[in-house]
$ cat input.txt   # compact mmCIF, C-alpha atoms
# COMPACT_ATOMS: atom_id res chain seq x y z
CA MET I 1 -32.96 -18.79 -108.15
CA THR I 2 -36.55 -17.81 -108.33
CA LYS I 3 -38.55 -16.57 -105.42
CA GLY I 4 -40.73 -19.74 -105.41
CA LYS I 5 -37.71 -22.07 -105.31
CA ARG I 6 -36.11 -20.01 -102.58
CA ASN I 7 -39.30 -20.14 -100.46
CA ALA I 8 -39.52 -23.91 -101.02
CA LEU I 9 -35.89 -24.33 -99.93
CA ILE I 10 -36.50 -22.24 -96.82
CA ALA I 11 -39.59 -24.33 -96.04
CA VAL I 12 -37.60 -27.58 -96.43
CA ILE I 13 -34.84 -26.25 -94.16
CA ILE I 14 -37.38 -25.19 -91.54
CA ILE I 15 -39.08 -28.61 -91.71
CA LEU I 16 -35.71 -30.36 -91.37
CA LEU I 17 -34.81 -28.19 -88.37
CA ILE I 18 -38.15 -29.03 -86.75
CA VAL I 19 -37.69 -32.76 -87.47
CA PHE I 20 -34.15 -32.77 -86.07
CA SER I 21 -35.25 -30.78 -83.03
CA LEU I 22 -38.09 -33.19 -82.34
CA TYR I 23 -35.76 -36.15 -82.87
CA GLY I 24 -33.27 -34.68 -80.40
CA PHE I 25 -36.03 -33.94 -77.90
CA PHE I 26 -37.49 -37.45 -78.02
CA LYS I 27 -34.12 -39.20 -78.17
CA GLY I 28 -32.72 -37.21 -75.26
CA HIS I 29 -35.70 -37.78 -73.00
CA TYR I 30 -36.11 -41.43 -73.96
CA ASN I 31 -32.43 -42.17 -73.26
CA THR I 32 -32.65 -40.33 -69.95
CA PHE I 33 -35.66 -42.43 -68.94
CA VAL I 34 -33.87 -45.64 -69.92
CA ARG I 35 -30.82 -44.64 -67.86
CA LEU I 36 -32.93 -43.71 -64.83
CA ASP I 37 -35.05 -46.87 -65.16
CA GLU I 38 -31.88 -48.97 -65.19
CA ALA I 39 -30.62 -47.08 -62.12
CA VAL I 40 -33.86 -47.97 -60.30
CA LYS I 41 -33.50 -51.63 -61.34
CA GLY I 42 -29.85 -51.68 -60.27
CA SER I 43 -30.71 -50.14 -56.92
CA TRP I 44 -33.50 -52.67 -56.42
CA ALA I 45 -31.05 -55.49 -57.22
CA GLN I 46 -28.81 -54.24 -54.41
CA VAL I 47 -31.78 -54.20 -52.02
CA GLU I 48 -32.59 -57.76 -53.07
CA ASN I 49 -28.98 -58.84 -52.45
CA GLN I 50 -29.24 -57.69 -48.86
CA LEU I 51 -32.75 -59.08 -48.43
CA GLN I 52 -31.48 -62.44 -49.71
CA ARG I 53 -28.64 -62.32 -47.18
CA ARG I 54 -31.16 -61.77 -44.40
CA PHE I 55 -33.41 -64.46 -45.87
CA ASP I 56 -30.49 -66.93 -45.73
CA LEU I 57 -29.57 -66.03 -42.12
CA ILE I 58 -33.06 -66.51 -40.71
CA PRO I 59 -33.22 -70.34 -40.63
CA ASN I 60 -30.00 -70.48 -38.59
CA LEU I 61 -31.30 -67.83 -36.21
CA VAL I 62 -34.65 -69.59 -35.80
CA GLU I 63 -32.99 -72.96 -35.14
CA THR I 64 -30.70 -71.44 -32.52
CA VAL I 65 -33.63 -69.78 -30.75
CA LYS I 66 -35.73 -72.97 -30.98
CA GLY I 67 -33.27 -74.81 -28.78
CA TYR I 68 -33.75 -72.29 -25.99
CA ALA I 69 -37.30 -71.06 -26.39
CA LYS I 70 -39.39 -74.13 -27.14
CA GLN I 71 -42.56 -72.51 -25.76
CA GLU I 72 -42.27 -69.58 -28.16
CA ARG I 73 -43.59 -71.58 -31.12
CA GLU I 74 -46.01 -68.87 -32.25
CA VAL I 75 -43.27 -66.31 -32.83
CA LEU I 76 -41.03 -68.87 -34.54
CA VAL I 77 -43.88 -69.95 -36.82
CA GLU I 78 -44.62 -66.29 -37.61
CA VAL I 79 -40.99 -65.70 -38.64
CA THR I 80 -40.97 -68.86 -40.74
CA ASN I 81 -44.25 -67.92 -42.45
CA ALA I 82 -43.06 -64.37 -43.11
CA ARG I 83 -39.87 -65.77 -44.62
CA ALA I 84 -41.94 -68.05 -46.87
CA ARG I 85 -43.99 -65.05 -48.07
CA VAL I 86 -40.74 -63.28 -48.97
CA GLY I 87 -39.65 -66.31 -50.96
CA GLY I 88 -42.95 -66.36 -52.84
CA ALA I 89 -43.18 -62.65 -53.64
CA VAL I 90 -42.78 -61.85 -57.34
CA THR I 91 -43.48 -58.15 -57.97
CA VAL I 92 -41.56 -55.29 -56.37
CA PRO I 93 -44.60 -54.10 -54.33
CA ASP I 94 -45.22 -57.69 -53.12
CA LYS I 95 -41.55 -58.04 -52.16
CA ILE I 96 -41.68 -54.76 -50.27
CA ALA I 97 -44.80 -55.83 -48.35
CA ALA I 98 -43.43 -59.30 -47.60
CA ASN I 99 -40.11 -57.92 -46.36
CA ASN I 100 -41.87 -55.39 -44.17
CA ALA I 101 -43.85 -58.26 -42.60
CA LEU I 102 -40.60 -60.18 -42.11
CA THR I 103 -39.01 -57.17 -40.42
CA GLY I 104 -41.91 -57.06 -37.95
CA ALA I 105 -41.68 -60.79 -37.26
CA LEU I 106 -37.94 -60.53 -36.64
CA SER I 107 -38.54 -57.67 -34.21
CA ARG I 108 -40.94 -59.86 -32.23
CA LEU I 109 -38.41 -62.71 -32.30
CA LEU I 110 -35.72 -60.46 -30.87
CA MET I 111 -38.12 -59.38 -28.10
CA VAL I 112 -38.55 -63.08 -27.21
CA VAL I 113 -34.79 -63.43 -26.99
CA GLU I 114 -34.72 -60.84 -24.22
CA ARG I 115 -36.56 -63.34 -21.98
CA TYR I 116 -33.78 -65.93 -22.26
CA PRO I 117 -30.48 -64.80 -20.71
CA ASP I 118 -28.76 -68.10 -21.58
CA LEU I 119 -29.63 -67.61 -25.24
CA LYS I 120 -28.24 -64.08 -25.24
CA SER I 121 -24.86 -65.45 -24.09
CA ASN I 122 -24.76 -68.26 -26.67
CA GLN I 123 -21.89 -67.57 -29.09
CA ASN I 124 -23.74 -68.90 -32.14
CA PHE I 125 -26.70 -66.68 -31.36
CA ILE I 126 -24.51 -63.64 -30.73
CA ARG I 127 -22.73 -64.16 -34.05
CA LEU I 128 -26.03 -64.63 -35.91
CA GLN I 129 -27.57 -61.61 -34.21
CA ASP I 130 -24.55 -59.49 -35.15
CA GLU I 131 -24.74 -60.67 -38.77
CA LEU I 132 -28.45 -59.94 -38.84
CA ALA I 133 -27.92 -56.47 -37.37
CA GLY I 134 -25.23 -55.75 -39.98
CA THR I 135 -27.54 -57.00 -42.71
CA GLU I 136 -30.38 -54.80 -41.46
CA ASN I 137 -28.04 -51.80 -41.67
CA ARG I 138 -27.05 -52.75 -45.21
CA ILE I 139 -30.72 -53.14 -46.13
CA ALA I 140 -31.44 -49.67 -44.75
CA VAL I 141 -28.63 -48.16 -46.84
CA GLU I 142 -29.74 -49.96 -50.00
CA ARG I 143 -33.40 -49.00 -49.39
CA ARG I 144 -32.35 -45.38 -49.13
CA ARG I 145 -30.35 -45.60 -52.38
CA TYR I 146 -33.24 -47.35 -54.10
CA ASN I 147 -35.71 -44.69 -52.94
CA MET I 148 -33.37 -41.94 -54.16
CA ALA I 149 -33.17 -43.59 -57.60
CA VAL I 150 -36.97 -43.99 -57.65
CA GLN I 151 -37.46 -40.35 -56.73
CA THR I 152 -35.14 -39.16 -59.50
CA TYR I 153 -36.84 -41.42 -62.04
CA ASN I 154 -40.39 -40.52 -60.95
CA VAL I 155 -39.66 -36.79 -61.07
CA ALA I 156 -38.16 -37.15 -64.55
CA ILE I 157 -41.14 -39.02 -66.02
CA ARG I 158 -43.68 -36.68 -64.42
CA SER I 159 -42.01 -33.38 -65.45
CA PHE I 160 -43.42 -31.45 -68.38
CA PRO I 161 -42.79 -31.82 -71.31
CA ALA I 162 -40.84 -35.03 -70.67
CA ASN I 163 -44.00 -36.66 -69.31
CA ILE I 164 -45.36 -36.69 -72.87
CA VAL I 165 -42.41 -38.80 -74.03
CA ALA I 166 -42.66 -41.01 -70.95
CA GLY I 167 -46.34 -41.64 -71.62
CA MET I 168 -45.72 -42.40 -75.28
CA PHE I 169 -43.12 -45.04 -74.46
CA GLY I 170 -44.87 -46.56 -71.42
CA PHE I 171 -42.55 -45.40 -68.65
CA GLN I 172 -44.49 -45.64 -65.38
CA LYS I 173 -43.86 -44.56 -61.80
CA ALA I 174 -41.73 -46.92 -59.74
CA PRO I 175 -42.84 -47.84 -56.20
CA PHE I 176 -40.97 -46.53 -53.18
CA PHE I 177 -39.78 -48.92 -50.47
CA GLU I 178 -41.81 -47.56 -47.57
CA ALA I 179 -41.73 -48.58 -43.94
CA PRO I 180 -44.77 -50.51 -42.73
CA ALA I 181 -47.32 -48.74 -40.56
CA THR I 182 -46.21 -50.86 -37.58
CA ALA I 183 -42.73 -49.34 -37.79
CA LYS I 184 -44.20 -45.95 -36.93
CA ALA I 185 -45.54 -47.17 -33.58
CA THR I 186 -43.47 -46.41 -30.51
CA PRO I 187 -42.05 -49.62 -29.03
CA GLN I 188 -43.27 -50.58 -25.58
CA VAL I 189 -40.47 -50.97 -23.03
CA LYS I 190 -41.37 -52.80 -19.83
CA PHE I 191 -39.16 -53.53 -16.86

$ encode --input "input.txt" --output "structure tokens"
Amino acid sequence: MTKGKRNALIAVIIILLIVFSLYGFFKGHYNTFVRLDEAVKGSWAQVENQLQRRFDLIPNLVETVKGYAKQEREVLVEVTNARARVGGAVTVPDKIAANNALTGALSRLLMVVERYPDLKSNQNFIRLQDELAGTENRIAVERRRYNMAVQTYNVAIRSFPANIVAGMFGFQKAPFFEAPATAKATPQVKF
């Protein structure tokens, strides 16, 4: 074998090694991003399952409270409107904002309940309130899992050199499910 052929063969081998290395790099990162993106979507689906459960419980809760607290129309209308916004939300950020508004409206509704001792002893209301409390706990767990999946995904697509692959294939940051600003305020307790 001549020196020229040997150099050409070495060059071809080096080029093939580079091509296979690049292929492995891109394939590995792309598949990781797909897996993490699907984990975020799966986590969000679990959040939506629990939000839907709460969404379905609210009409029964509102109707039960209506029978006792007729003069509290404003709060009941606020809960109903917040529920409607949840039903109309399409994007993940819109759903997060609408559900945060619903959480605030439900908090105000439960404060109204404190004014009606007969309502608090009503078995239907107690059962609904317990179901709602359990659902809120499930939502909190699923939000935490969703946020963990989002964090893992966002770190992966922003890390160098993987961010180059993420940018090439259009992987973008996922939104966190954050508590509304009103949740950070200390509740007022009055006796």

$ residues_near_point --input "input.txt" --point "(-37.7, -60.5, -30.8)" --cutoff "12 Å" --atoms "only C-alpha atoms" --output "ChimeraX atom specification"
/I:61-62,65,69,72,74-76,78-79,102-116,120,129,187

$ closest_residue --input "input.txt" --among "I:Gln172, I:Thr91, I:Thr135, I:Asn100" --to "Arg53 in chain I" --atoms "only C-alpha atoms"
I:Thr135

$ residues_around --input "input.txt" --residues "Arg144 in chain I" --least-positions-apart "5" --cutoff "12 Å" --atoms "only C-alpha atoms" --output "PyMOL selection string"
chain I and resi 40+43-44+46-47+137-139+149-151+176-179

$ atom_distance --input "input.txt" --atom1 "CA of Ala89 in chain I" --atom2 "CA of Gly42 in chain I"
18.5 Å

$ atom_distance --input "input.txt" --atom1 "CA of Pro59 in chain I" --atom2 "CA of Thr80 in chain I"
7.9 Å

$ closest_residue --input "input.txt" --among "I:Pro161, I:Phe171, I:Lys27, I:Leu51" --to "Val141 in chain I" --atoms "all atoms listed in the file"
I:Leu51

$ atom_distance --input "input.txt" --atom1 "CA of Arg73 in chain I" --atom2 "CA of Ile58 in chain I"
15.1 Å

$ residues_around --input "input.txt" --residues "Ala162 in chain I" --least-positions-apart "2" --cutoff "12 Å" --atoms "only C-alpha atoms" --output "PyMOL selection string"
chain I and resi 25-33+153-160+164-169+171

$ closest_residue --input "input.txt" --among "I:Gln123, I:Asn99, I:Pro93, I:Asp130" --to "Gln50 in chain I" --atoms "all atoms listed in the file"
I:Asn99

$ closest_residue --input "input.txt" --among "I:Leu132, I:Ala97, I:Ala174, I:Ile126" --to "Leu36 in chain I" --atoms "all atoms listed in the file"
I:Ala174

$ axis_aligned_box --input "input.txt" --around "range 98-106 of chain I" --padding-each-side "5 Å" --output "JSON"
{"center_x": -40.9, "center_y": -58.1, "center_z": -42.1, "size_x": 15.9, "size_y": 15.4, "size_z": 21.0}

$ residues_near_point --input "input.txt" --point "(-35.0, -68.2, -48.4)" --cutoff "6 Å" --atoms "only C-alpha atoms" --output "compact mmCIF listing (two decimals) with C-alpha atoms, keeping the file's coordinate frame"
# COMPACT_ATOMS: atom_id res chain seq x y z
CA PHE I 55 -33.41 -64.46 -45.87
CA ASP I 56 -30.49 -66.93 -45.73
CA GLY I 87 -39.65 -66.31 -50.96

$ closest_residue --input "input.txt" --among "I:Pro175, I:Ala8, I:Arg143, I:Asn122" --to "Thr64 in chain I" --atoms "only C-alpha atoms"
I:Asn122
